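One file, entry_31.txt, carrying compact mmCIF, C-alpha atoms and all ligand atoms:
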```txt
# COMPACT_ATOMS: atom_id res chain seq x y z
CA MET K 1 -2.53 -7.89 9.44
CA LYS K 2 -6.25 -7.11 10.02
CA LYS K 3 -8.41 -6.07 7.08
CA ASN K 4 -12.11 -5.68 6.31
CA ILE K 5 -12.90 -6.75 2.78
CA LEU K 6 -16.20 -6.00 1.09
CA ILE K 7 -17.38 -8.53 -1.50
CA ILE K 8 -19.75 -7.20 -4.16
CA PRO K 9 -20.55 -10.12 -6.48
CA GLY K 10 -22.79 -8.00 -8.75
CA ASP K 11 -24.55 -9.68 -11.67
CA GLY K 12 -24.38 -12.81 -13.82
CA ILE K 13 -21.13 -14.75 -13.52
CA GLY K 14 -19.96 -12.14 -11.00
CA GLN K 15 -21.59 -14.30 -8.32
CA GLU K 16 -19.70 -17.47 -9.26
CA VAL K 17 -16.27 -16.01 -9.92
CA THR K 18 -16.18 -13.81 -6.81
CA THR K 19 -16.72 -16.88 -4.64
CA TRP K 20 -13.26 -18.03 -5.73
CA GLY K 21 -11.54 -14.67 -5.33
CA LYS K 22 -12.87 -14.68 -1.78
CA LYS K 23 -11.85 -18.28 -1.05
CA VAL K 24 -8.33 -17.44 -2.19
CA LEU K 25 -8.20 -14.46 0.18
CA GLU K 26 -9.44 -16.68 3.03
CA LYS K 27 -6.75 -19.27 2.30
CA ILE K 28 -4.03 -16.61 2.17
CA GLY K 29 -5.32 -15.26 5.48
CA GLU K 30 -5.05 -18.72 7.07
CA ASN K 31 -1.66 -19.57 5.59
CA TYR K 32 0.00 -16.26 6.39
CA GLY K 33 -1.76 -15.46 9.66
CA HIS K 34 -3.79 -12.44 8.53
CA GLU K 35 -7.22 -11.61 9.92
CA PHE K 36 -9.34 -10.91 6.88
CA SER K 37 -13.00 -10.34 7.68
CA PHE K 38 -15.64 -10.25 4.97
CA ASP K 39 -18.88 -8.46 4.41
CA GLU K 40 -21.11 -8.58 1.33
CA ALA K 41 -23.22 -6.01 -0.54
CA ILE K 42 -25.37 -5.78 -3.65
CA MET K 43 -24.92 -3.69 -6.78
CA GLY K 44 -26.11 -3.57 -10.40
CA HIS K 45 -29.11 -5.46 -11.74
CA THR K 46 -29.17 -7.54 -8.53
CA ALA K 47 -29.58 -4.35 -6.51
CA ILE K 48 -32.17 -2.85 -8.88
CA GLU K 49 -34.32 -5.95 -8.40
CA VAL K 50 -34.27 -5.56 -4.62
CA THR K 51 -34.15 -1.78 -4.07
CA GLY K 52 -34.74 -0.12 -7.44
CA ASN K 53 -31.27 1.44 -7.13
CA PRO K 54 -28.12 0.02 -8.84
CA LEU K 55 -25.97 1.38 -5.99
CA PRO K 56 -27.95 1.37 -2.73
CA ASP K 57 -26.78 3.78 0.00
CA GLU K 58 -26.01 0.83 2.25
CA THR K 59 -23.59 -0.61 -0.33
CA LEU K 60 -21.85 2.72 -0.73
CA ALA K 61 -21.54 3.17 3.04
CA LYS K 62 -20.09 -0.34 3.44
CA ALA K 63 -17.70 0.34 0.54
CA LYS K 64 -16.41 3.53 2.10
CA ALA K 65 -15.91 1.82 5.46
CA SER K 66 -13.99 -1.17 4.06
CA ASP K 67 -10.24 -1.57 3.48
CA ALA K 68 -10.67 -3.03 0.00
CA ILE K 69 -13.44 -4.22 -2.31
CA LEU K 70 -13.60 -7.33 -4.46
CA PHE K 71 -16.17 -6.86 -7.19
CA GLY K 72 -17.55 -9.38 -9.71
CA ALA K 73 -19.34 -8.09 -12.80
CA ILE K 74 -22.22 -5.87 -13.81
CA GLY K 75 -24.98 -5.85 -16.40
CA HIS K 76 -28.00 -7.71 -17.68
CA ILE K 77 -29.11 -8.46 -21.25
CA LYS K 78 -32.51 -7.04 -20.41
CA TYR K 79 -31.01 -3.54 -20.55
CA ASP K 80 -28.64 -4.07 -23.48
CA ASN K 81 -31.48 -4.01 -25.97
CA ASP K 82 -33.50 -1.43 -24.11
CA PRO K 83 -31.70 1.88 -24.68
CA SER K 84 -34.65 3.77 -23.20
CA ALA K 85 -34.22 2.26 -19.69
CA LYS K 86 -33.59 5.13 -17.27
CA VAL K 87 -32.17 3.00 -14.47
CA ARG K 88 -29.30 0.76 -15.60
CA PRO K 89 -26.97 -1.65 -13.74
CA GLU K 90 -23.83 0.07 -15.09
CA GLN K 91 -24.82 3.31 -13.33
CA GLY K 92 -23.97 1.56 -10.07
CA LEU K 93 -20.42 0.81 -11.15
CA LEU K 94 -19.83 4.30 -12.56
CA LYS K 95 -21.20 5.90 -9.40
CA ILE K 96 -19.07 3.84 -7.03
CA ARG K 97 -15.94 4.66 -9.09
CA LYS K 98 -16.79 8.36 -8.82
CA GLU K 99 -17.80 8.29 -5.14
CA LEU K 100 -14.65 6.43 -4.09
CA GLY K 101 -12.44 8.66 -6.27
CA LEU K 102 -11.07 5.64 -8.17
CA TYR K 103 -9.43 7.61 -10.94
CA ALA K 104 -6.71 5.13 -11.89
CA ASN K 105 -7.63 1.78 -13.36
CA LEU K 106 -4.63 -0.55 -13.63
CA ARG K 107 -5.04 -3.40 -16.07
CA PRO K 108 -1.98 -5.62 -16.29
CA ILE K 109 -1.76 -7.87 -19.35
CA LEU K 110 -0.34 -10.89 -17.63
CA LEU K 111 0.66 -13.48 -20.19
CA PHE K 112 1.11 -17.01 -18.91
CA ASP K 113 3.34 -19.03 -21.27
CA GLU K 114 0.94 -21.95 -21.02
CA LEU K 115 -1.73 -19.84 -22.68
CA LEU K 116 0.31 -18.73 -25.69
CA ASP K 117 -1.78 -21.06 -27.84
CA ALA K 118 -5.11 -19.95 -26.35
CA SER K 119 -4.93 -16.57 -28.05
CA SER K 120 -6.17 -15.77 -31.53
CA LEU K 121 -2.75 -14.15 -32.13
CA LYS K 122 0.37 -16.07 -33.15
CA PRO K 123 2.55 -17.23 -30.20
CA GLU K 124 5.68 -15.64 -31.69
CA ILE K 125 3.94 -12.25 -31.76
CA LEU K 126 2.82 -12.64 -28.14
CA GLN K 127 5.79 -14.18 -26.38
CA GLY K 128 7.45 -11.77 -23.97
CA THR K 129 4.57 -9.29 -23.91
CA ASP K 130 4.14 -7.50 -20.59
CA ILE K 131 1.90 -4.43 -20.59
CA LEU K 132 0.44 -2.40 -17.77
CA PHE K 133 -2.48 -0.18 -18.77
CA PHE K 134 -3.37 2.93 -16.82
CA ARG K 135 -6.89 3.81 -17.81
CA GLU K 136 -8.29 7.07 -16.43
CA LEU K 137 -11.56 6.10 -14.74
CA THR K 138 -13.56 9.05 -13.39
CA GLY K 139 -13.59 11.54 -16.25
CA ASP K 140 -14.06 11.71 -20.02
CA VAL K 141 -17.22 11.19 -22.01
CA TYR K 142 -18.31 8.66 -19.34
CA PHE K 143 -19.15 11.45 -16.92
CA GLY K 144 -19.73 14.45 -19.21
CA GLU K 145 -23.15 16.02 -19.62
CA LYS K 146 -25.61 13.90 -21.59
CA ASN K 147 -28.41 15.31 -23.72
CA ARG K 148 -31.26 14.17 -25.89
CA ASN K 149 -33.62 16.62 -27.57
CA GLU K 150 -37.35 16.42 -27.11
CA ASP K 151 -38.26 14.94 -30.47
CA ASN K 152 -35.52 12.31 -30.17
CA THR K 153 -33.61 13.39 -33.26
CA PHE K 154 -30.39 14.41 -31.51
CA ALA K 155 -28.21 13.21 -28.64
CA SER K 156 -24.85 14.24 -27.24
CA ASP K 157 -22.27 13.15 -24.65
CA LEU K 158 -19.76 15.75 -23.57
CA MET K 159 -16.13 14.63 -23.57
CA ASN K 160 -14.19 16.69 -21.05
CA TYR K 161 -11.02 16.60 -18.97
CA HIS K 162 -9.53 18.86 -16.34
CA ARG K 163 -5.77 19.35 -16.22
CA TYR K 164 -5.59 17.92 -12.67
CA GLU K 165 -7.33 14.74 -13.78
CA VAL K 166 -4.67 14.12 -16.41
CA GLU K 167 -1.82 15.09 -14.08
CA ARG K 168 -2.70 12.71 -11.27
CA ILE K 169 -3.09 9.63 -13.45
CA ALA K 170 -0.03 10.52 -15.51
CA ARG K 171 2.07 10.65 -12.32
CA LYS K 172 0.79 7.25 -11.23
CA ALA K 173 1.62 5.78 -14.63
CA TYR K 174 5.10 7.31 -14.68
CA ASP K 175 5.80 6.08 -11.14
CA ALA K 176 4.89 2.57 -12.29
CA ALA K 177 6.99 2.87 -15.46
CA ARG K 178 9.98 3.65 -13.24
CA THR K 179 9.63 0.28 -11.52
CA ARG K 180 9.27 -1.53 -14.86
CA ASN K 181 10.95 -1.16 -18.24
CA LYS K 182 10.87 2.65 -18.12
CA ARG K 183 8.81 3.14 -21.24
CA LEU K 184 5.49 4.95 -21.29
CA CYS K 185 3.16 5.28 -24.24
CA SER K 186 0.40 7.87 -23.88
CA VAL K 187 -2.52 7.15 -26.19
CA ASP K 188 -4.87 9.91 -27.38
CA LYS K 189 -6.51 11.40 -30.46
CA ALA K 190 -4.76 14.77 -30.37
CA ASN K 191 -5.03 15.19 -34.14
CA VAL K 192 -8.79 15.62 -33.71
CA LEU K 193 -9.91 16.11 -30.10
CA GLU K 194 -9.35 19.17 -27.90
CA THR K 195 -9.46 16.99 -24.75
CA SER K 196 -6.64 14.92 -26.27
CA ARG K 197 -4.58 18.04 -27.02
CA LEU K 198 -4.86 19.06 -23.35
CA TRP K 199 -4.05 15.46 -22.39
CA ARG K 200 -0.91 15.45 -24.55
CA GLU K 201 0.23 18.87 -23.30
CA VAL K 202 -0.09 17.78 -19.68
CA VAL K 203 1.67 14.44 -20.28
CA GLN K 204 4.52 16.28 -22.05
CA GLU K 205 4.92 18.48 -18.95
CA ILE K 206 4.82 15.58 -16.48
CA ALA K 207 7.30 13.70 -18.67
CA LYS K 208 9.92 16.33 -17.78
CA GLU K 209 9.74 15.16 -14.15
CA TYR K 210 10.65 11.65 -15.32
CA PRO K 211 13.67 12.05 -17.64
CA ASP K 212 14.61 8.42 -16.95
CA VAL K 213 11.38 7.20 -18.56
CA GLU K 214 11.13 7.14 -22.35
CA THR K 215 7.85 8.75 -23.47
CA GLU K 216 5.99 8.09 -26.67
CA HIS K 217 2.66 9.60 -27.81
CA MET K 218 0.44 7.56 -30.05
CA PHE K 219 -2.96 8.09 -31.64
CA ILE K 220 -5.62 5.64 -30.51
CA ASP K 221 -6.29 4.24 -33.97
CA ASN K 222 -2.61 3.48 -34.46
CA ALA K 223 -2.31 2.06 -30.92
CA ALA K 224 -5.21 -0.32 -31.58
CA MET K 225 -3.32 -1.60 -34.63
CA GLN K 226 0.15 -1.74 -32.98
CA LEU K 227 -1.29 -3.72 -30.09
CA VAL K 228 -2.00 -6.71 -32.29
CA LYS K 229 0.89 -6.13 -34.69
CA ASN K 230 3.66 -5.89 -32.11
CA PRO K 231 2.40 -5.96 -28.51
CA LYS K 232 5.97 -6.34 -27.16
CA LYS K 233 6.72 -2.73 -27.99
CA PHE K 234 4.50 -1.55 -25.09
CA ASP K 235 5.42 -1.31 -21.42
CA VAL K 236 3.15 1.16 -19.60
CA VAL K 237 0.22 2.48 -21.60
CA LEU K 238 -1.51 5.60 -20.29
CA THR K 239 -4.87 6.54 -21.72
CA ALA K 240 -8.27 8.13 -21.16
CA ASN K 241 -11.41 6.41 -19.94
CA LEU K 242 -13.14 5.47 -23.20
CA PHE K 243 -9.98 4.66 -25.16
CA GLY K 244 -8.77 2.54 -22.23
CA ASP K 245 -12.04 0.65 -22.04
CA ILE K 246 -11.79 -0.36 -25.69
CA LEU K 247 -8.05 -0.95 -25.84
CA THR K 248 -7.99 -3.24 -22.79
CA ASP K 249 -10.70 -5.53 -24.16
CA GLU K 250 -8.60 -5.80 -27.30
CA ALA K 251 -5.48 -6.43 -25.20
CA SER K 252 -7.21 -9.20 -23.25
CA GLN K 253 -6.80 -11.37 -26.35
CA ILE K 254 -3.04 -11.21 -25.77
CA ALA K 255 -3.60 -12.99 -22.46
CA GLY K 256 -5.80 -15.56 -24.19
CA SER K 257 -9.19 -14.56 -22.85
CA MET K 258 -11.17 -11.82 -21.13
CA GLY K 259 -11.56 -14.39 -18.38
CA MET K 260 -7.88 -13.94 -17.45
CA LEU K 261 -7.72 -10.19 -16.95
CA ALA K 262 -7.81 -8.62 -13.51
CA SER K 263 -7.90 -4.94 -12.68
CA ALA K 264 -7.27 -2.59 -9.80
CA SER K 265 -9.03 0.74 -9.46
CA VAL K 266 -7.29 3.08 -7.07
CA GLY K 267 -7.29 6.73 -6.13
CA ASP K 268 -8.04 8.65 -2.98
CA GLY K 269 -9.43 5.93 -0.73
CA THR K 270 -10.51 2.31 -0.69
CA GLY K 271 -9.17 0.21 -3.60
CA PHE K 272 -11.58 -1.65 -5.84
CA PHE K 273 -10.57 -4.91 -7.54
CA GLU K 274 -12.45 -6.52 -10.38
CA PRO K 275 -12.10 -8.69 -13.48
CA ILE K 276 -12.38 -6.68 -16.70
CA HIS K 277 -14.98 -9.09 -18.07
CA GLY K 278 -18.72 -8.55 -17.98
CA SER K 279 -21.62 -10.46 -16.43
CA ALA K 280 -21.85 -13.00 -19.32
CA HIS K 281 -25.47 -13.95 -18.70
CA ASP K 282 -25.29 -16.53 -21.49
CA ILE K 283 -23.14 -18.76 -19.27
CA ALA K 284 -24.18 -17.53 -15.80
CA GLY K 285 -25.16 -20.18 -13.27
CA GLN K 286 -23.76 -23.00 -15.43
CA ASN K 287 -20.40 -23.47 -13.71
CA LYS K 288 -18.62 -22.44 -16.94
CA ALA K 289 -17.08 -19.07 -16.09
CA ASN K 290 -13.33 -18.69 -15.65
CA PRO K 291 -12.60 -17.76 -12.01
CA LEU K 292 -8.98 -16.78 -12.71
CA ALA K 293 -9.63 -13.07 -13.35
CA SER K 294 -11.33 -12.78 -9.97
CA ILE K 295 -8.53 -14.75 -8.30
CA LEU K 296 -5.92 -12.52 -9.96
CA SER K 297 -7.93 -9.48 -8.85
CA ALA K 298 -7.59 -10.77 -5.28
CA ALA K 299 -3.82 -10.98 -5.88
CA LEU K 300 -3.81 -7.34 -6.99
CA MET K 301 -5.66 -6.42 -3.80
CA LEU K 302 -3.05 -8.15 -1.65
CA ASP K 303 -0.26 -6.40 -3.54
CA ILE K 304 -1.63 -2.90 -4.09
CA SER K 305 -4.01 -2.24 -1.18
CA PHE K 306 -2.31 -4.28 1.54
CA GLY K 307 1.33 -4.22 0.39
CA LEU K 308 1.50 -8.03 0.74
CA GLN K 309 3.78 -8.81 -2.19
CA GLU K 310 4.75 -12.30 -1.08
CA GLU K 311 1.12 -13.32 -0.59
CA ALA K 312 0.18 -11.84 -3.98
CA LYS K 313 2.98 -13.82 -5.58
CA ALA K 314 1.70 -17.00 -3.91
CA VAL K 315 -1.62 -16.45 -5.67
CA THR K 316 -0.22 -15.74 -9.15
CA ASN K 317 2.13 -18.71 -8.74
CA ALA K 318 -0.82 -20.95 -7.87
CA VAL K 319 -2.58 -19.78 -11.05
CA ALA K 320 0.58 -20.48 -13.07
CA GLU K 321 0.90 -23.96 -11.50
CA THR K 322 -2.73 -24.73 -12.31
CA LEU K 323 -2.20 -23.78 -15.94
CA LYS K 324 1.12 -25.64 -16.07
CA ALA K 325 -0.66 -28.78 -14.87
CA GLY K 326 -2.87 -28.41 -17.94
CA TRP K 327 -6.13 -27.38 -16.27
CA ARG K 328 -8.32 -25.07 -18.33
CA THR K 329 -11.77 -23.52 -18.31
CA GLY K 330 -13.60 -23.55 -21.65
CA ASP K 331 -12.58 -20.01 -22.64
CA ILE K 332 -8.85 -20.82 -22.48
CA ALA K 333 -9.00 -24.33 -23.89
CA ASN K 334 -8.19 -24.88 -27.55
CA ALA K 335 -8.53 -27.62 -30.15
CA HIS K 336 -5.57 -29.53 -28.61
CA THR K 337 -6.88 -29.49 -25.04
CA GLU K 338 -7.98 -32.92 -23.80
CA ALA K 339 -11.63 -32.90 -22.79
CA SER K 340 -10.72 -34.26 -19.34
CA LYS K 341 -8.61 -31.17 -18.67
CA VAL K 342 -11.46 -28.74 -19.21
CA LEU K 343 -12.98 -27.79 -15.86
CA GLY K 344 -15.93 -25.86 -14.54
CA THR K 345 -15.65 -22.73 -12.40
CA GLN K 346 -15.71 -24.61 -9.11
CA GLU K 347 -13.21 -27.33 -10.08
CA MET K 348 -10.81 -24.73 -11.50
CA GLY K 349 -11.12 -22.67 -8.31
CA GLU K 350 -10.35 -25.76 -6.21
CA LYS K 351 -7.22 -26.50 -8.26
CA VAL K 352 -5.88 -23.00 -7.65
CA LEU K 353 -6.66 -23.22 -3.92
CA ALA K 354 -4.76 -26.49 -3.68
CA PHE K 355 -1.67 -24.89 -5.28
CA ILE K 356 -1.54 -22.00 -2.80
CA LYS K 357 1.51 -22.41 -0.60
C1 LIG J 1 -15.26 -2.04 -17.84
C2 LIG J 1 -16.70 -2.14 -18.28
C3 LIG J 1 -17.46 -0.91 -17.78
C4 LIG J 1 -16.82 0.32 -18.40
C5 LIG J 1 -18.97 -0.95 -18.05
C6 LIG J 1 -19.61 -2.19 -17.50
C7 LIG J 1 -19.66 0.28 -17.53
O1 LIG J 1 -16.79 -2.28 -19.65
O2 LIG J 1 -15.02 -1.95 -16.62
O3 LIG J 1 -14.39 -2.08 -18.69
O4 LIG J 1 -17.15 0.70 -19.53
O5 LIG J 1 -15.99 0.94 -17.73
MG MG J 2 -14.94 -2.56 -20.60
```

When written as structure tokens, how does the structure in this file appear?
Amino acid sequence: MKKNILIIPGDGIGQEVTTWGKKVLEKIGENYGHEFSFDEAIMGHTAIEVTGNPLPDETLAKAKASDAILFGAIGHIKYDNDPSAKVRPEQGLLKIRKELGLYANLRPILLFDELLDASSLKPEILQGTDILFFRELTGDVYFGEKNRNEDNTFASDLMNYHRYEVERIARKAYDAARTRNKRLCSVDKANVLETSRLWREVVQEIAKEYPDVETEHMFIDNAAMQLVKNPKKFDVVLTANLFGDILTDEASQIAGSMGMLASASVGDGTGFFEPIHGSAHDIAGQNKANPLASILSAALMLDISFGLQEEAKAVTNAVAETLKAGWRTGDIANAHTEASKVLGTQEMGEKVLAFIK
């Protein structure tokens, strides 16, 4: 198989972790006889520094022309405490999601048994959890009209959804539920929000096309609580952009660390694969970041964009073997981890590479 992959490292630890996602793809290419070619592009703070634009036209053109994109992370502390900044790194990520029509963000909560004791939750609560989030990615309050009045005493963000936007992601989530445990929980705030009432109405209609899937509707506040009380009760979770953003950071604690969670953004064209974590400037450039989320994002690319299930499995197995052998990065180590087992980004990446069959 021949594929052109675009690497966009982005900001902060994005640079370091993406190196390992890419190396894994190269190794899979060699081992399985695929011709993967790579190109690279800039985005976020890195791109603002060079061009003044968080998503330069050249990056967007390369993205559209590629078969799949591996992205790192976005953001810089400089902007976090400067709410008045007009140009922000995150605008690059939001724009590329919109431009590529990446309306479905899949965030699997992959729980490795070896990491049961890395979570802040009790192992007996976690064991057996397997959740796949479908977060809507190109609508909601993220893309609604934004306003600020002249004397700076009022601001607003419009939360809006079109019926078709709910329909298309709901179908994707139901299709996935069919291949899993056939349970779908749609999360909204229909007791308060009009957008959520439309969301719930549409999901109820789509549910009729999938009588074999058990549907549940849950309010976001309750879902946030249930997720830590009894995560096993969830199979596929379908939710809107903002709720999904918040809920999946919470859910990452089930997998032990944000540094473990990969995601796939798909829709009309090129698929986009990225860790859910941020740029973590506090540890950037120090060889401390966990490369596993980027490596697992590469596995999602192989599976979802290229249909290479066996190759994807080889990657997740290599991650499992690495963890089984006791190797940890700082974020997934705990009080019982021997100091000699705690590795830097590069050493952890090398372990995974060595385990790839
Ligand atoms: C995510 C991130 C982004 C989001 C930010 C960086 C814009 O938090 O992918 O979850 O809110 O979607
Ligand atoms: Mg987020």

(message) For ligand LIG 1 (chain J), return the neighbouring residues as a ChimeraX atom specification (distance at most 7 Å; all atoms listed in the file).
(response) /K:74-75,90,93-94,245,276,278

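Using only C-alpha atoms and all ligand atoms, the nearest neighbour of ligand MG 2 (chain J) within the list K:Ala85, K:Met258, K:Val166, K:Leu116 is K:Met258.
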
(message) (-8.3, -24.2, -12.6) in this file's frame - what residues fall within 12 Å of it? Use all atoms listed in the file and give the answer as a ChimeraX atom specification.
(response) /K:17,20,259-260,288-293,295,318-333,341-355

Select from chain K every residue with an atom at most 12 Å from any atom of ligand MG 2 (chain J), then for each give the shortest pair of atoms and their distance in Å to one decimal, using only C-alpha atoms and all ligand atoms, rows by chain and rising number, as a Markdown table.
```
| residue | atom | partner | partner_atom | distance |
| --- | --- | --- | --- | --- |
| K:Ala73 | CA | J:MG2 | MG | 10.5 |
| K:Ile74 | CA | J:MG2 | MG | 10.5 |
| K:Gly75 | CA | J:MG2 | MG | 11.4 |
| K:Glu90 | CA | J:MG2 | MG | 10.8 |
| K:Leu93 | CA | J:MG2 | MG | 11.4 |
| K:Leu94 | CA | J:MG2 | MG | 11.6 |
| K:Asn105 | CA | J:MG2 | MG | 11.2 |
| K:Arg107 | CA | J:MG2 | MG | 10.9 |
| K:Arg135 | CA | J:MG2 | MG | 10.6 |
| K:Leu137 | CA | J:MG2 | MG | 11.0 |
| K:Tyr142 | CA | J:MG2 | MG | 11.8 |
| K:Asn241 | CA | J:MG2 | MG | 9.7 |
| K:Leu242 | CA | J:MG2 | MG | 8.6 |
| K:Phe243 | CA | J:MG2 | MG | 9.9 |
| K:Gly244 | CA | J:MG2 | MG | 8.2 |
| K:Asp245 | CA | J:MG2 | MG | 4.6 |
| K:Ile246 | CA | J:MG2 | MG | 6.4 |
| K:Leu247 | CA | J:MG2 | MG | 8.8 |
| K:Thr248 | CA | J:MG2 | MG | 7.3 |
| K:Asp249 | CA | J:MG2 | MG | 6.3 |
| K:Glu250 | CA | J:MG2 | MG | 9.8 |
| K:Ala251 | CA | J:MG2 | MG | 11.2 |
| K:Ser252 | CA | J:MG2 | MG | 10.5 |
| K:Met258 | CA | J:MG2 | MG | 10.0 |
| K:Leu261 | CA | J:MG2 | MG | 11.1 |
| K:Ala262 | CA | J:MG2 | MG | 11.7 |
| K:Ser263 | CA | J:MG2 | MG | 10.9 |
| K:Glu274 | CA | J:MG2 | MG | 11.2 |
| K:Pro275 | CA | J:MG2 | MG | 9.8 |
| K:Ile276 | CA | J:MG2 | MG | 6.2 |
| K:His277 | CA | J:MG2 | MG | 7.0 |
| K:Gly278 | CA | J:MG2 | MG | 7.6 |
| K:Ser279 | CA | J:MG2 | MG | 11.2 |
```

(request) Within 6 Å of segment 95-102 of chain K, counting all atoms listed in the file, which residues show up once you throw out same-chain ones fewer than 6 positions away? Write them as a list in words, please. (result) Thr138, Ser265, Val266, Gly267 and Asp268 of chain K

Go ahead and write the selection's residues with C-alpha atoms as a short mmCIF file (atom, residue, chain, number, x, y, z; two decimals), in the frame of the given file.
```cif
data_model
loop_
_atom_site.label_atom_id
_atom_site.label_comp_id
_atom_site.auth_asym_id
_atom_site.auth_seq_id
_atom_site.Cartn_x
_atom_site.Cartn_y
_atom_site.Cartn_z
CA THR K 138 -13.56 9.05 -13.39
CA SER K 265 -9.03 0.74 -9.46
CA VAL K 266 -7.29 3.08 -7.07
CA GLY K 267 -7.29 6.73 -6.13
CA ASP K 268 -8.04 8.65 -2.98
#
```

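Counting from atom CA of Ala68 of chain K, the distance to atom CA of Tyr32 of chain K is 18.2 Å.
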
(request) Write out as a PyMOL selection string the residues lying within 12 Å of Glu49 of chain K, counting all atoms listed in the file and excluding same-chain residues fewer than 5 positions away. (result) chain K and resi 10-11+42-44+54-56+76+87-89

(message) I'd like to know which of K:Thr316, K:Ser186, K:Gln91, K:Asn191 is closest to Phe112 of chain K, using only C-alpha atoms.
(response)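 Ranked by minimum distance to Phe112 of chain K, first place goes to K:Thr316.
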
(message) Taking (-4.1, -17.5, -21.6) in the coordinates of the supplied file, I want to know which residues reach to within 8 Å of it, counting all atoms listed in the file; could you give the answer as a ChimeraX atom specification?
(response) /K:111-119,254-257,260,332

(request) Determine the nearest neighbour of Gly52 of chain K from the options K:Gly269, K:Pro9, K:Gly92, K:Gly144, counting all atoms listed in the file. (result)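 Closest to Gly52 of chain K of all the choices is K:Gly92.
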
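The residue that comes closest to Arg180 of chain K, out of K:Phe234, K:Ala65, K:Leu6, K:Tyr164 and on the basis of only C-alpha atoms, is K:Phe234.
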
(request) Can you work out which one of K:Glu209, K:Glu194, K:Asp140, K:Glu124 has the shortest atom-to-atom distance to Arg171 of chain K, counting only C-alpha atoms? (result)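 Using only C-alpha atoms, Arg171 of chain K sits closest to K:Glu209.
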
(request) Please identify all polymer residues within 8 Å of Ile356 of chain K, counting all atoms listed in the file, omitting same-chain residues fewer than 6 positions from it, and present them as a PyMOL selection string. (result) chain K and resi 27-28+314-315+317-318
